[in-house]
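File shown: query_34.cif (mmCIF, C-alpha atoms).
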data_run
loop_
_atom_site.group_PDB
_atom_site.id
_atom_site.type_symbol
_atom_site.label_atom_id
_atom_site.label_comp_id
_atom_site.auth_asym_id
_atom_site.auth_seq_id
_atom_site.Cartn_x
_atom_site.Cartn_y
_atom_site.Cartn_z
ATOM 1 C CA MET F 26 -7.718 -15.298 45.476
ATOM 2 C CA PRO F 27 -6.997 -13.128 42.411
ATOM 3 C CA LYS F 28 -5.038 -14.624 39.550
ATOM 4 C CA SER F 29 -1.462 -13.548 38.962
ATOM 5 C CA ALA F 30 -0.482 -11.765 35.759
ATOM 6 C CA GLU F 31 1.301 -14.936 34.618
ATOM 7 C CA GLN F 32 -1.810 -17.046 35.213
ATOM 8 C CA GLN F 33 -3.894 -14.556 33.258
ATOM 9 C CA ARG F 34 -1.388 -14.613 30.367
ATOM 10 C CA ASN F 35 -1.354 -18.416 30.330
ATOM 11 C CA GLU F 36 -5.148 -18.509 30.170
ATOM 12 C CA ALA F 37 -5.178 -15.870 27.441
ATOM 13 C CA LYS F 38 -2.764 -17.898 25.280
ATOM 14 C CA VAL F 39 -5.614 -20.087 24.122
ATOM 15 C CA LEU F 40 -7.400 -16.934 23.010
ATOM 16 C CA TYR F 41 -4.540 -15.520 20.912
ATOM 17 C CA ASP F 42 -5.602 -15.393 17.292
ATOM 18 C CA ALA F 43 -3.840 -12.955 14.979
ATOM 19 C CA TYR F 44 -6.954 -12.824 12.801
ATOM 20 C CA MET F 45 -8.811 -11.112 15.654
ATOM 21 C CA ALA F 46 -8.529 -7.312 15.704
ATOM 22 C CA ALA F 47 -7.694 -7.049 19.402
ATOM 23 C CA CYS F 48 -5.060 -9.811 19.439
ATOM 24 C CA PRO F 49 -1.709 -8.521 20.773
ATOM 25 C CA THR F 50 0.166 -10.726 18.309
ATOM 26 C CA ARG F 51 -0.666 -8.142 15.666
ATOM 27 C CA GLU F 52 1.764 -5.791 17.403
ATOM 28 C CA VAL F 53 4.451 -8.442 16.981
ATOM 29 C CA PHE F 54 3.642 -8.703 13.278
ATOM 30 C CA GLU F 55 3.899 -4.929 13.009
ATOM 31 C CA THR F 56 7.407 -5.004 14.464
ATOM 32 C CA ILE F 57 8.879 -8.053 12.725
ATOM 33 C CA ALA F 58 7.241 -7.423 9.341
ATOM 34 C CA ASP F 59 9.129 -4.137 9.062
ATOM 35 C CA LYS F 60 11.890 -4.417 6.453
ATOM 36 C CA TRP F 61 14.487 -2.856 8.741
ATOM 37 C CA ALA F 62 13.624 -5.237 11.595
ATOM 38 C CA GLY F 63 14.010 -8.241 9.318
ATOM 39 C CA LEU F 64 17.335 -7.031 8.013
ATOM 40 C CA LEU F 65 18.595 -6.193 11.509
ATOM 41 C CA VAL F 66 17.656 -9.602 12.902
ATOM 42 C CA ASN F 67 19.418 -11.249 9.960
ATOM 43 C CA ALA F 68 22.489 -9.038 10.410
ATOM 44 C CA LEU F 69 22.645 -9.884 14.126
ATOM 45 C CA ALA F 70 22.143 -13.620 13.597
ATOM 46 C CA ASP F 71 25.920 -14.149 13.349
ATOM 47 C CA GLY F 72 26.660 -12.368 16.613
ATOM 48 C CA PRO F 73 26.877 -8.983 18.330
ATOM 49 C CA ARG F 74 27.401 -5.872 16.235
ATOM 50 C CA ARG F 75 27.947 -2.197 16.907
ATOM 51 C CA HIS F 76 25.536 0.386 15.515
ATOM 52 C CA SER F 77 28.123 1.559 12.982
ATOM 53 C CA GLU F 78 28.657 -2.020 11.764
ATOM 54 C CA LEU F 79 24.930 -2.469 11.307
ATOM 55 C CA ARG F 80 24.663 0.795 9.423
ATOM 56 C CA ARG F 81 27.434 -0.269 7.031
ATOM 57 C CA ARG F 82 25.880 -3.727 6.605
ATOM 58 C CA ILE F 83 22.357 -2.482 5.891
ATOM 59 C CA ALA F 84 22.697 -0.064 2.995
ATOM 60 C CA GLY F 85 20.115 2.700 2.815
ATOM 61 C CA ALA F 86 19.099 2.618 6.469
ATOM 62 C CA SER F 87 19.468 5.943 8.210
ATOM 63 C CA GLN F 88 20.941 6.209 11.678
ATOM 64 C CA LYS F 89 17.545 7.336 12.993
ATOM 65 C CA MET F 90 15.708 4.398 11.424
ATOM 66 C CA LEU F 91 18.214 1.870 12.751
ATOM 67 C CA THR F 92 18.014 3.378 16.231
ATOM 68 C CA GLN F 93 14.195 3.342 16.232
ATOM 69 C CA THR F 94 14.078 -0.228 14.970
ATOM 70 C CA LEU F 95 16.703 -1.456 17.420
ATOM 71 C CA ARG F 96 14.711 0.138 20.263
ATOM 72 C CA ALA F 97 11.518 -1.583 19.099
ATOM 73 C CA LEU F 98 13.326 -4.935 18.908
ATOM 74 C CA GLU F 99 14.831 -4.331 22.346
ATOM 75 C CA ARG F 100 11.409 -3.427 23.780
ATOM 76 C CA ASP F 101 9.984 -6.703 22.463
ATOM 77 C CA GLY F 102 12.822 -8.720 23.979
ATOM 78 C CA LEU F 103 14.422 -9.668 20.657
ATOM 79 C CA VAL F 104 17.600 -7.601 20.955
ATOM 80 C CA LYS F 105 19.878 -6.874 23.909
ATOM 81 C CA ARG F 106 21.798 -3.603 24.060
ATOM 82 C CA THR F 107 25.084 -3.653 25.984
ATOM 83 C CA VAL F 108 26.936 -0.457 26.911
ATOM 84 C CA THR F 109 30.626 -0.815 27.740
ATOM 85 C CA ALA F 110 32.355 2.019 29.565
ATOM 86 C CA ALA F 111 35.227 3.087 27.345
ATOM 87 C CA VAL F 112 36.383 6.170 25.506
ATOM 88 C CA PRO F 113 34.370 6.467 23.382
ATOM 89 C CA VAL F 114 31.495 4.492 24.923
ATOM 90 C CA ARG F 115 30.958 1.174 23.165
ATOM 91 C CA VAL F 116 27.414 -0.026 22.471
ATOM 92 C CA ASP F 117 26.798 -3.515 21.117
ATOM 93 C CA TYR F 118 23.573 -5.123 19.994
ATOM 94 C CA GLU F 119 22.893 -8.839 19.967
ATOM 95 C CA LEU F 120 19.939 -11.151 19.627
ATOM 96 C CA THR F 121 18.401 -12.530 22.790
ATOM 97 C CA PRO F 122 17.362 -16.196 22.912
ATOM 98 C CA LEU F 123 13.923 -15.055 21.728
ATOM 99 C CA GLY F 124 15.525 -13.112 18.865
ATOM 100 C CA LEU F 125 17.667 -16.127 17.976
ATOM 101 C CA SER F 126 14.490 -18.216 17.717
ATOM 102 C CA LEU F 127 13.117 -15.686 15.204
ATOM 103 C CA ALA F 128 16.319 -15.446 13.135
ATOM 104 C CA PRO F 129 15.794 -18.652 11.088
ATOM 105 C CA VAL F 130 12.261 -17.561 10.186
ATOM 106 C CA LEU F 131 13.371 -14.141 8.958
ATOM 107 C CA GLY F 132 16.463 -15.692 7.368
ATOM 108 C CA ALA F 133 14.203 -17.986 5.364
ATOM 109 C CA LEU F 134 12.083 -15.007 4.307
ATOM 110 C CA LYS F 135 15.203 -13.107 3.185
ATOM 111 C CA ALA F 136 16.464 -16.145 1.245
ATOM 112 C CA TRP F 137 13.046 -16.638 -0.368
ATOM 113 C CA ALA F 138 12.915 -12.981 -1.440
ATOM 114 C CA GLU F 139 16.438 -13.106 -2.886
ATOM 115 C CA THR F 140 15.663 -16.352 -4.725
ATOM 116 C CA ASN F 141 12.345 -15.170 -6.155
ATOM 117 C CA ILE F 142 12.905 -11.470 -6.800
ATOM 118 C CA GLU F 143 13.223 -11.949 -10.569
ATOM 119 C CA HIS F 144 9.849 -13.748 -10.677
ATOM 120 C CA ILE F 145 8.279 -10.998 -8.592
ATOM 121 C CA MET F 146 9.709 -8.233 -10.791
ATOM 122 C CA ALA F 147 8.447 -10.061 -13.890
ATOM 123 C CA ALA F 148 4.985 -10.397 -12.334
ATOM 124 C CA ARG F 149 4.984 -6.678 -11.525
ATOM 125 C CA ASP F 150 5.968 -5.820 -15.081
ATOM 126 C CA GLU F 151 3.203 -8.059 -16.437
ATOM 127 C CA TYR F 152 0.690 -6.517 -14.068
ATOM 128 C CA GLU F 153 1.653 -3.016 -15.171
ATOM 129 C CA LEU F 154 1.317 -3.994 -18.851
ATOM 130 C CA GLN F 155 -2.157 -5.428 -18.240
ATOM 131 C CA SER F 156 -3.210 -2.377 -16.232
ATOM 132 C CA GLN F 157 -2.531 0.046 -19.073
#

Before we go any further, please render this structure as structure tokens.
Amino acid sequence: MPKSAEQQRNEAKVLYDAYMAACPTREVFETIADKWAGLLVNALADGPRRHSELRRRIAGASQKMLTQTLRALERDGLVKRTVTAAVPVRVDYELTPLGLSLAPVLGALKAWAETNIEHIMAARDEYELQSQ
């Protein structure tokens, strides 16, 4: 009897190794390592938001970039998009349980970056001075 897709995935789990070129987890890294994805997950960690709210919250992100990133997060099961029939139509985005499990990780990364940015900028300045 052939194995089901779920059985095949369960067997493959032991083979997942992000250091291997063909590992599908690399696609996950590609999505969540994106700066806009990290900021969106953090912005949605407190609850559902409309696209316009996200755009105001995340300065510098274009409408197109937010839409593309939200679609990628939705595709990966991290974000749920809810359309409410109204005039005008209301669209809300919220983290799924999977997205909520990622939020503390990306929140910690955001906090680390904000805490250490001065050290990083100093290191960059020093590097540039030594490279001249």

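Within 7 Å of Pro73 (chain F), once only C-alpha atoms are used and residues closer than 6 positions along the same chain are dropped, the contacting residues are Asp117, Tyr118 and Glu119 of chain F.
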
* Is there a way to get, as an MDAnalysis selection string, all residues within 12 Å of the point (24.7, -7.5, 12.1) in file coordinates, counting all atoms listed in the file? -> chainID F and resid 61:84 91 95 104 117:120 128

* Asked: What does the PyMOL selection byres ((chain F and resi 101) around 12) select in this file, as a VMD selection string?
  -> chain F and resid 49 to 50 52 to 57 62 94 to 100 102 to 105 120 to 121 123 to 124 127

* **Atom-to-atom span, CA of Gln157 (chain F) and CA of Ala138 (chain F), Å** =>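 Straight-line distance from CA of Gln157 (chain F) to CA of Ala138 (chain F) works out to 26.8 Å.
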
* To do: Find the distance between CA of Met146 (chain F) and CA of Gly85 (chain F) and write it in Å to one decimal.
  =>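 One can read the CA of Met146 (chain F) to CA of Gly85 (chain F) distance as 20.3 Å.
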
* Atom pair CA of Ala86 (chain F) / CA of Tyr152 (chain F): separation (Å) ->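 Interatomic distance here is 29.1 Å.
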